[in-house]
>>> print(open('data.cif').read())   # mmCIF, C-alpha atoms (C1' of nucleotides)
data_final
#
loop_
_atom_site.label_atom_id
_atom_site.label_comp_id
_atom_site.auth_asym_id
_atom_site.auth_seq_id
_atom_site.Cartn_x
_atom_site.Cartn_y
_atom_site.Cartn_z
CA MET A 1 155.12 196.98 82.47
CA GLN A 2 153.17 194.45 80.51
CA GLN A 3 155.17 193.09 77.65
CA GLY A 4 153.44 189.84 77.02
CA ASP A 5 151.87 191.25 73.92
CA PHE A 6 155.31 191.92 72.64
CA PHE A 7 155.70 188.26 71.91
CA ASP A 8 152.64 188.00 69.79
CA PRO A 9 153.74 187.19 66.24
CA SER A 10 151.15 189.60 64.91
CA CYS A 11 152.47 192.43 67.06
CA PRO A 12 153.83 195.18 64.83
CA THR A 13 156.84 195.45 67.08
CA ARG A 14 157.95 192.22 65.53
CA VAL A 15 158.00 194.01 62.22
CA VAL A 16 160.46 196.53 63.53
CA LEU A 17 162.51 193.80 65.11
CA ASP A 18 162.74 192.03 61.79
CA ARG A 19 164.15 195.14 60.19
CA ILE A 20 166.62 195.67 62.99
CA GLY A 21 167.46 192.03 62.88
CA ASP A 22 168.83 192.60 59.41
CA LYS A 23 172.50 193.18 60.00
CA TRP A 24 172.83 195.23 56.83
CA SER A 25 170.29 197.72 58.07
CA VAL A 26 172.17 198.10 61.30
CA LEU A 27 175.42 198.73 59.47
CA VAL A 28 173.76 201.24 57.18
CA VAL A 29 172.39 203.20 60.11
CA LEU A 30 175.82 203.22 61.68
CA SER A 31 177.41 204.26 58.41
CA LEU A 32 175.06 207.19 57.98
CA HIS A 33 175.48 208.35 61.52
CA ARG A 34 178.07 210.97 60.66
CA GLY A 35 176.14 212.39 57.78
CA PRO A 36 174.98 211.71 54.21
CA ARG A 37 176.79 209.13 52.16
CA ARG A 38 176.71 208.08 48.56
CA PHE A 39 175.93 204.62 47.31
CA THR A 40 179.50 203.65 46.61
CA GLU A 41 180.68 205.09 49.88
CA LEU A 42 178.26 202.88 51.72
CA ARG A 43 179.28 199.86 49.73
CA ASP A 44 182.90 200.51 50.54
CA MET A 45 182.26 201.18 54.21
CA ILE A 46 180.25 198.03 54.67
CA GLY A 47 182.49 195.14 53.83
CA GLY A 48 181.07 192.22 51.93
CA VAL A 49 177.81 193.73 50.81
CA THR A 50 176.80 193.35 47.17
CA PRO A 51 175.13 196.17 45.25
CA LYS A 52 171.93 194.20 44.98
CA VAL A 53 171.58 193.58 48.68
CA LEU A 54 172.61 197.11 49.52
CA THR A 55 169.96 198.46 47.20
CA GLN A 56 167.35 196.21 48.73
CA THR A 57 168.31 197.32 52.19
CA LEU A 58 168.28 200.99 51.30
CA ARG A 59 164.90 200.71 49.58
CA ALA A 60 163.38 198.94 52.55
CA MET A 61 164.76 201.51 54.94
CA GLU A 62 163.50 204.33 52.78
CA ARG A 63 160.08 202.73 52.79
CA ASP A 64 160.16 202.55 56.57
CA GLY A 65 161.02 206.22 56.83
CA LEU A 66 164.48 205.63 58.23
CA LEU A 67 166.36 207.41 55.48
CA THR A 68 165.86 209.57 52.43
CA ARG A 69 167.25 209.09 48.97
CA LYS A 70 168.24 212.19 47.06
CA VAL A 71 169.20 212.08 43.41
CA PHE A 72 171.30 214.88 41.95
CA ALA A 73 170.77 215.63 38.29
CA GLU A 74 174.44 215.55 37.44
CA VAL A 75 176.83 213.71 35.24
CA PRO A 76 178.09 211.42 36.54
CA PRO A 77 175.01 210.70 38.61
CA ARG A 78 175.12 211.20 42.32
CA VAL A 79 172.77 209.84 44.96
CA GLU A 80 172.92 210.69 48.61
CA TYR A 81 171.39 208.78 51.46
CA THR A 82 170.58 210.59 54.66
CA LEU A 83 169.09 209.41 57.91
CA THR A 84 165.74 210.89 58.78
CA GLU A 85 165.01 211.99 62.32
CA LEU A 86 163.45 208.61 62.84
CA GLY A 87 166.55 206.92 61.53
CA GLN A 88 168.76 209.01 63.75
CA SER A 89 166.67 208.19 66.78
CA LEU A 90 167.20 204.54 65.97
CA GLN A 91 170.90 205.02 65.88
CA GLU A 92 171.08 205.52 69.65
CA PRO A 93 169.73 202.18 70.83
CA LEU A 94 171.63 200.52 68.02
CA GLN A 95 174.82 202.08 69.19
CA ALA A 96 174.13 200.68 72.63
CA VAL A 97 173.97 197.21 71.16
CA THR A 98 177.12 197.55 69.10
CA ASP A 99 178.96 199.01 72.05
CA TRP A 100 177.94 195.97 74.02
CA ALA A 101 179.17 193.80 71.17
CA GLU A 102 182.55 195.47 71.11
CA HIS A 103 183.01 195.22 74.84
CA ASN A 104 181.80 191.68 75.22
CA VAL A 105 182.94 189.96 72.08
CA ASN A 106 185.89 188.53 73.94
CA ALA A 107 183.70 187.07 76.64
CA VAL A 108 181.47 185.51 74.02
CA MET A 109 184.37 184.06 72.11
CA SER A 110 185.90 182.68 75.29
CA ALA A 111 182.65 181.05 76.30
CA ARG A 112 182.41 179.59 72.86
CA ASP A 113 185.92 178.20 72.95
CA LEU A 114 185.42 176.72 76.38
CA HIS A 115 182.18 175.13 75.32
CA ASP A 116 183.70 173.70 72.16
CA THR A 117 186.74 172.41 74.00
CA ARG A 118 184.61 170.55 76.49
CA ALA A 119 182.51 169.09 73.74
CA THR A 120 185.55 167.94 71.79
CA ALA A 121 187.42 166.63 74.82
CA MET B 1 186.26 206.72 68.12
CA GLN B 2 187.41 204.64 65.22
CA GLN B 3 184.74 202.32 64.06
CA GLY B 4 185.87 201.59 60.59
CA ASP B 5 187.09 198.19 61.64
CA PHE B 6 183.62 197.46 62.77
CA PHE B 7 182.60 197.02 59.19
CA ASP B 8 185.20 194.45 58.42
CA PRO B 9 183.41 191.17 57.71
CA SER B 10 186.08 189.31 59.63
CA CYS B 11 185.62 191.49 62.69
CA PRO B 12 184.37 189.40 65.59
CA THR B 13 181.84 192.08 66.39
CA ARG B 14 179.99 190.89 63.35
CA VAL B 15 179.69 187.55 65.05
CA VAL B 16 177.91 189.11 67.97
CA LEU B 17 175.76 191.11 65.64
CA ASP B 18 174.72 187.96 63.87
CA ARG B 19 173.56 186.46 67.13
CA ILE B 20 171.70 189.59 68.12
CA GLY B 21 170.30 189.78 64.65
CA ASP B 22 168.48 186.57 65.36
CA LYS B 23 165.09 187.69 66.51
CA TRP B 24 164.55 184.51 68.51
CA SER B 25 167.63 185.21 70.60
CA VAL B 26 166.36 188.67 71.35
CA LEU B 27 163.00 187.36 72.43
CA VAL B 28 164.62 184.71 74.60
CA VAL B 29 166.72 187.28 76.40
CA LEU B 30 163.65 189.36 76.99
CA SER B 31 161.73 186.34 78.19
CA LEU B 32 164.39 185.41 80.70
CA HIS B 33 164.75 188.91 81.98
CA ARG B 34 162.48 188.34 84.96
CA GLY B 35 164.10 185.10 85.99
CA PRO B 36 164.52 181.44 85.04
CA ARG B 37 162.03 179.83 82.72
CA ARG B 38 161.33 176.33 81.58
CA PHE B 39 161.39 175.14 78.02
CA THR B 40 157.65 175.06 77.59
CA GLU B 41 157.26 178.42 79.28
CA LEU B 42 159.60 179.95 76.76
CA ARG B 43 157.84 178.31 73.90
CA ASP B 44 154.51 179.65 75.12
CA MET B 45 155.84 183.13 75.76
CA ILE B 46 157.40 183.40 72.36
CA GLY B 47 154.66 183.01 69.84
CA GLY B 48 155.30 181.13 66.67
CA VAL B 49 158.54 179.43 67.60
CA THR B 50 158.87 175.72 66.97
CA PRO B 51 160.61 173.40 69.44
CA LYS B 52 163.40 172.75 67.01
CA VAL B 53 164.23 176.37 66.46
CA LEU B 54 163.89 177.19 70.12
CA THR B 55 166.30 174.40 70.99
CA GLN B 56 168.77 175.61 68.39
CA THR B 57 168.54 179.12 69.73
CA LEU B 58 168.98 178.05 73.35
CA ARG B 59 171.94 175.84 72.51
CA ALA B 60 173.65 178.61 70.60
CA MET B 61 173.08 181.07 73.40
CA GLU B 62 174.39 178.60 75.94
CA ARG B 63 177.47 178.14 73.82
CA ASP B 64 177.98 181.89 73.75
CA GLY B 65 177.74 182.10 77.50
CA LEU B 66 174.51 184.06 77.51
CA LEU B 67 172.49 181.56 79.50
CA THR B 68 172.81 178.35 81.47
CA ARG B 69 170.80 175.19 81.13
CA LYS B 70 169.98 173.31 84.30
CA VAL B 71 168.43 169.87 84.24
CA PHE B 72 166.56 168.63 87.30
CA ALA B 73 166.55 164.89 87.88
CA GLU B 74 162.81 164.67 88.34
CA VAL B 75 159.83 163.00 86.84
CA PRO B 76 158.49 164.57 84.80
CA PRO B 77 161.75 166.13 83.66
CA ARG B 78 162.34 169.79 84.26
CA VAL B 79 164.86 172.08 82.62
CA GLU B 80 165.44 175.65 83.59
CA TYR B 81 167.12 178.32 81.51
CA THR B 82 168.72 181.24 83.26
CA LEU B 83 170.53 184.28 81.94
CA THR B 84 174.17 184.52 82.90
CA GLU B 85 175.62 187.86 83.95
CA LEU B 86 176.72 188.30 80.38
CA GLY B 87 173.23 187.59 79.17
CA GLN B 88 171.77 190.02 81.64
CA SER B 89 174.16 192.71 80.56
CA LEU B 90 172.96 192.16 77.02
CA GLN B 91 169.41 192.64 78.10
CA GLU B 92 169.92 196.35 78.69
CA PRO B 93 170.92 197.47 75.21
CA LEU B 94 168.37 195.07 73.80
CA GLN B 95 165.68 196.64 75.88
CA ALA B 96 166.69 200.00 74.45
CA VAL B 97 166.07 198.69 70.97
CA THR B 98 162.73 197.12 71.77
CA ASP B 99 161.64 200.25 73.57
CA TRP B 100 162.46 202.17 70.45
CA ALA B 101 160.47 199.66 68.46
CA GLU B 102 157.41 200.02 70.66
CA HIS B 103 157.54 203.78 70.56
CA ASN B 104 158.22 204.14 66.88
CA VAL B 105 156.33 201.31 65.30
CA ASN B 106 153.53 203.67 64.42
CA ALA B 107 155.86 206.06 62.67
CA VAL B 108 157.37 203.21 60.71
CA MET B 109 154.00 201.82 59.71
CA SER B 110 152.82 205.26 58.66
CA ALA B 111 155.89 205.84 56.55
CA ARG B 112 155.35 202.47 54.99
CA ASP B 113 151.71 203.15 54.20
CA LEU B 114 152.53 206.51 52.73
CA HIS B 115 155.26 205.04 50.60
CA ASP B 116 153.05 202.23 49.37
CA THR B 117 150.17 204.57 48.65
CA ARG B 118 152.34 206.77 46.48
CA ALA B 119 153.70 203.81 44.67
CA THR B 120 150.27 202.39 43.99
CA ALA B 121 148.71 205.71 43.06
"C1'" DC C 1 158.07 167.59 79.90
"C1'" DA C 2 161.65 168.49 76.94
"C1'" DG C 3 163.20 167.72 73.51
"C1'" DT C 4 164.87 164.91 68.69
"C1'" DA C 5 164.26 163.34 63.92
"C1'" DT C 6 162.91 164.01 59.31
"C1'" DC C 7 161.38 166.27 55.45
"C1'" DC C 8 160.66 170.13 52.75
"C1'" DT C 9 160.16 174.83 51.22
"C1'" DT C 10 161.70 179.36 50.42
"C1'" DC C 11 164.28 182.85 49.84
"C1'" DG C 12 168.09 185.59 51.30
"C1'" DC C 13 172.21 186.26 49.55
"C1'" DG C 14 176.26 186.01 46.61
"C1'" DA C 15 178.43 186.06 41.96
"C1'" DT C 16 178.39 187.89 37.67
"C1'" DA C 17 177.21 190.71 33.91
"C1'" DC C 18 174.95 194.50 31.92
"C1'" DT C 19 172.83 199.64 31.52
"C1'" DG C 20 170.92 204.71 31.86
"C1'" DC D 1 178.24 206.39 39.27
"C1'" DA D 2 174.42 203.96 40.71
"C1'" DG D 3 172.28 200.87 40.10
"C1'" DT D 4 169.30 196.53 37.56
"C1'" DA D 5 168.92 191.65 35.66
"C1'" DT D 6 169.58 186.88 35.99
"C1'" DC D 7 171.04 182.64 37.90
"C1'" DG D 8 171.67 179.51 41.44
"C1'" DC D 9 172.68 177.54 45.82
"C1'" DG D 10 172.77 176.66 50.61
"C1'" DA D 11 171.12 177.09 54.85
"C1'" DA D 12 167.54 178.73 58.08
"C1'" DG D 13 163.26 177.90 59.44
"C1'" DG D 14 158.51 175.65 59.51
"C1'" DA D 15 155.35 171.46 59.86
"C1'" DT D 16 154.83 167.16 61.60
"C1'" DA D 17 155.68 163.07 64.10
"C1'" DC D 18 158.13 160.49 67.43
"C1'" DT D 19 160.89 159.42 72.13
"C1'" DG D 20 163.61 159.16 76.80
#
>>> encode(input="data.cif", output="structure tokens")
Amino acid sequence: MQQGDFFDPSCPTRVVLDRIGDKWSVLVVLSLHRGPRRFTELRDMIGGVTPKVLTQTLRAMERDGLLTRKVFAEVPPRVEYTLTELGQSLQEPLQAVTDWAEHNVNAVMSARDLHDTRATA
Amino acid sequence: MQQGDFFDPSCPTRVVLDRIGDKWSVLVVLSLHRGPRRFTELRDMIGGVTPKVLTQTLRAMERDGLLTRKVFAEVPPRVEYTLTELGQSLQEPLQAVTDWAEHNVNAVMSARDLHDTRATA
DNA sequence: CAGTATCCTTCGCGATACTG
DNA sequence: CAGTATCGCGAAGGATACTG
């Protein structure tokens, strides 16, 4: 299991990691897990995201083949975002990470407090 | 399985996600997977990281209880970084993500090329 | 060897306002 | 409703040089 090449900055895996590293992308994937969502739904689900950033994120993810954007010719306009198979396959490992986060956030916060207390004391 | 709270900006899970979102942290965890490493070893393994950023990353991870820093009173000085149990437990879900990245980077790049071609054409 | 110090760029992101 | 346009800042990250 050679993974030295993984650390090469020019390795395309880094590209993927950069995308995943974007917390908004992660939250979008999680938000779309249960099915298609509209723009406003996503914005409401994901606290603190501005329309601009959400749009950027969605466009980038569409470009990477993680989701599809479907516009309905209606009034008022409606746009639905849906995970592709690729996007859905990403959801699994991502879920593993967020599960870890939920289970271990206390441990992290405790370690942080302890560390800070020692530093202050 | 309520995960609506997960999207609250004030949710501590976001904190963890921010740390994981840092690509350097991810690479450090992966680098330490096989055992303790020295500062220079890490810097060499992880391409493109500057000492400053690596130090920042290591300090933050130490603070969060993900790794320990051990200084040996030798000349020349030696410092070893080791994953804690918490850090090791994080390695698993992270590995899942990077595995996904390795397996699907081609699909992502293809989607990207296709998208860009259409846009240009 | 294992960092620290300093400077500087850039650019992600937020706030706000406007539109098809 | 689903965005786009514009402005601006603050902080992360890079390059470089120096030190215990």
>>> closest_atom_pairs(input="data.cif", of="chain C", to="segment 13-19 of chain D", cutoff="12 Å", atoms="all atoms listed in the file", output="Markdown table")
| residue | atom | partner | partner_atom | distance |
| --- | --- | --- | --- | --- |
| C:DC1 | C1' | D:DT19 | C1' | 11.6 |
| C:DA2 | C1' | D:DT19 | C1' | 10.3 |
| C:DG3 | C1' | D:DT19 | C1' | 8.7 |
| C:DT4 | C1' | D:DT19 | C1' | 7.6 |
| C:DA5 | C1' | D:DC18 | C1' | 7.6 |
| C:DT6 | C1' | D:DA17 | C1' | 8.7 |
| C:DC7 | C1' | D:DT16 | C1' | 9.0 |
| C:DC8 | C1' | D:DA15 | C1' | 9.0 |
| C:DT9 | C1' | D:DG14 | C1' | 8.5 |
| C:DT10 | C1' | D:DG13 | C1' | 9.3 |
| C:DC11 | C1' | D:DG13 | C1' | 10.8 |
>>> closest_residue(input="data.cif", among="A:Arg14, A:Ala107, A:Thr120, A:His33", to="Asp64 of chain B", atoms="only C-alpha atoms")
A:Ala107
>>> resolve_selection(input="data.cif", expression="the PyMOL selection byres ((chain C and resi 19) around 12)", output="compact mmCIF listing (two decimals) with C-alpha atoms (C1' of nucleotides), in the coordinates of the input")
# COMPACT_ATOMS: atom_id res chain seq x y z
C1' DA C 17 177.21 190.71 33.91
C1' DC C 18 174.95 194.50 31.92
C1' DG C 20 170.92 204.71 31.86
C1' DC D 1 178.24 206.39 39.27
C1' DA D 2 174.42 203.96 40.71
C1' DG D 3 172.28 200.87 40.10
C1' DT D 4 169.30 196.53 37.56
C1' DA D 5 168.92 191.65 35.66
>>> residues_around(input="data.cif", residues="DC9 of chain D", least_positions_apart="4", cutoff="12 Å", atoms="all atoms listed in the file", output="JSON, numbers by chain")
{"C": [11, 12, 13, 14, 15]}
>>> atom_distance(input="data.cif", atom1="atom CA of Gly21 of chain A", atom2="atom CA of Thr40 of chain B")
24.5 Å
>>> resolve_selection(input="data.cif", expression="the PyMOL selection byres ((chain B and resi 26) around 12)", output="JSON, numbers by chain")
{"A": [6, 7, 14, 17, 18, 20, 21, 97], "B": [17, 18, 19, 20, 21, 22, 23, 24, 25, 27, 28, 29, 30, 31, 32, 33, 46, 54, 57, 58, 61, 66, 87, 88, 90, 91, 92, 93, 94, 95, 96, 97, 98]}
>>> atom_distance(input="data.cif", atom1="atom CA of Pro51 of chain A", atom2="atom CA of Arg63 of chain A")
18.1 Å
>>> interface_residues(input="data.cif", of="chain A", to="chain D", cutoff="7 Å", atoms="all atoms listed in the file", output="list in words")
Phe39, Pro76, Pro77 and Arg78 of chain A
>>> atom_distance(input="data.cif", atom1="atom CA of Glu62 of chain B", atom2="atom CA of Glu102 of chain A")
19.4 Å
>>> resolve_selection(input="data.cif", expression="the PyMOL selection byres ((chain A) within 10 of (chain C))", output="short mmCIF file (atom, residue, chain, number, x, y, z; two decimals) with C-alpha atoms, keeping the file's coordinate frame")
data_model
loop_
_atom_site.label_atom_id
_atom_site.label_comp_id
_atom_site.auth_asym_id
_atom_site.auth_seq_id
_atom_site.Cartn_x
_atom_site.Cartn_y
_atom_site.Cartn_z
CA GLY A 48 181.07 192.22 51.93
CA VAL A 49 177.81 193.73 50.81
CA THR A 50 176.80 193.35 47.17
CA LYS A 52 171.93 194.20 44.98
CA VAL A 53 171.58 193.58 48.68
CA PRO A 77 175.01 210.70 38.61
#
>>> closest_residue(input="data.cif", among="B:Thr84, B:Asn104, B:Gln56, B:Thr68", to="chain A", atoms="all atoms listed in the file")
B:Asn104
>>> closest_residue(input="data.cif", among="B:Val75, B:Val16, B:Leu67, B:Ala60", to="chain A", atoms="all atoms listed in the file")
B:Val16
>>> build_atoms(input="data.cif", residues="segment 82-93 of chain A", atoms="all heavy atoms", output="tab-separated table (two decimals), keeping the file's coordinate frame")
chain	number	residue	atom	x	y	z
A	82	THR	N	170.51	209.86	53.40
A	82	THR	CA	170.58	210.59	54.66
A	82	THR	C	169.58	210.00	55.65
A	82	THR	O	168.45	209.68	55.28
A	82	THR	CB	170.22	212.07	54.43
A	82	THR	OG1	170.93	212.57	53.31
A	82	THR	CG2	170.53	212.90	55.67
A	83	LEU	N	170.00	209.89	56.88
A	83	LEU	CA	169.09	209.41	57.91
A	83	LEU	C	168.01	210.45	58.18
A	83	LEU	O	168.29	211.65	58.24
A	83	LEU	CB	169.84	209.13	59.22
A	83	LEU	CG	170.69	207.87	59.31
A	83	LEU	CD1	171.27	207.73	60.71
A	83	LEU	CD2	169.89	206.64	58.95
A	84	THR	N	166.80	210.00	58.32
A	84	THR	CA	165.74	210.89	58.78
A	84	THR	C	165.86	211.06	60.30
A	84	THR	O	166.72	210.42	60.92
A	84	THR	CB	164.36	210.29	58.47
A	84	THR	OG1	164.26	209.04	59.16
A	84	THR	CG2	164.19	210.07	56.99
A	85	GLU	N	165.01	211.87	60.86
A	85	GLU	CA	165.01	211.99	62.32
A	85	GLU	C	164.73	210.64	62.95
A	85	GLU	O	165.34	210.24	63.95
A	85	GLU	CB	163.95	213.00	62.78
A	85	GLU	CG	164.45	214.43	62.81
A	85	GLU	CD	163.51	215.33	63.61
A	85	GLU	OE1	162.95	214.85	64.61
A	85	GLU	OE2	163.34	216.50	63.23
A	86	LEU	N	163.79	209.95	62.34
A	86	LEU	CA	163.45	208.61	62.84
A	86	LEU	C	164.66	207.69	62.79
A	86	LEU	O	164.96	206.99	63.76
A	86	LEU	CB	162.31	208.04	61.98
A	86	LEU	CG	161.66	206.75	62.47
A	86	LEU	CD1	161.01	206.93	63.83
A	86	LEU	CD2	160.63	206.25	61.46
A	87	GLY	N	165.36	207.74	61.68
A	87	GLY	CA	166.55	206.92	61.53
A	87	GLY	C	167.63	207.28	62.55
A	87	GLY	O	168.30	206.42	63.10
A	88	GLN	N	167.76	208.57	62.78
A	88	GLN	CA	168.76	209.01	63.75
A	88	GLN	C	168.39	208.57	65.15
A	88	GLN	O	169.25	208.23	65.97
A	88	GLN	CB	168.90	210.54	63.71
A	88	GLN	CG	169.43	211.04	62.39
A	88	GLN	CD	170.23	212.32	62.52
A	88	GLN	OE1	170.76	212.62	63.59
A	88	GLN	NE2	170.29	213.09	61.45
A	89	SER	N	167.10	208.59	65.44
A	89	SER	CA	166.67	208.19	66.78
A	89	SER	C	166.93	206.69	66.98
A	89	SER	O	167.14	206.24	68.10
A	89	SER	CB	165.18	208.50	66.99
A	89	SER	OG	164.38	207.60	66.24
A	90	LEU	N	166.91	205.97	65.88
A	90	LEU	CA	167.20	204.54	65.97
A	90	LEU	C	168.68	204.28	66.22
A	90	LEU	O	169.06	203.28	66.83
A	90	LEU	CB	166.77	203.84	64.67
A	90	LEU	CG	167.12	202.36	64.53
A	90	LEU	CD1	166.51	201.55	65.67
A	90	LEU	CD2	166.64	201.82	63.20
A	91	GLN	N	169.46	205.20	65.77
A	91	GLN	CA	170.90	205.02	65.88
A	91	GLN	C	171.35	204.87	67.34
A	91	GLN	O	172.26	204.12	67.64
A	91	GLN	CB	171.60	206.21	65.22
A	91	GLN	CG	173.10	206.08	65.10
A	91	GLN	CD	173.82	206.62	66.32
A	91	GLN	OE1	173.33	207.53	66.97
A	91	GLN	NE2	174.96	206.05	66.63
A	92	GLU	N	170.68	205.58	68.23
A	92	GLU	CA	171.08	205.52	69.65
A	92	GLU	C	170.99	204.12	70.25
A	92	GLU	O	172.00	203.60	70.74
A	92	GLU	CB	170.25	206.51	70.47
A	92	GLU	CG	170.88	207.88	70.55
A	92	GLU	CD	170.19	208.72	71.62
A	92	GLU	OE1	170.14	208.26	72.78
A	92	GLU	OE2	169.68	209.82	71.30
A	93	PRO	N	169.81	203.53	70.26
A	93	PRO	CA	169.73	202.18	70.83
A	93	PRO	C	170.61	201.18	70.08
A	93	PRO	O	171.16	200.26	70.70
A	93	PRO	CB	168.25	201.81	70.69
A	93	PRO	CG	167.67	202.80	69.75
A	93	PRO	CD	168.49	204.03	69.86
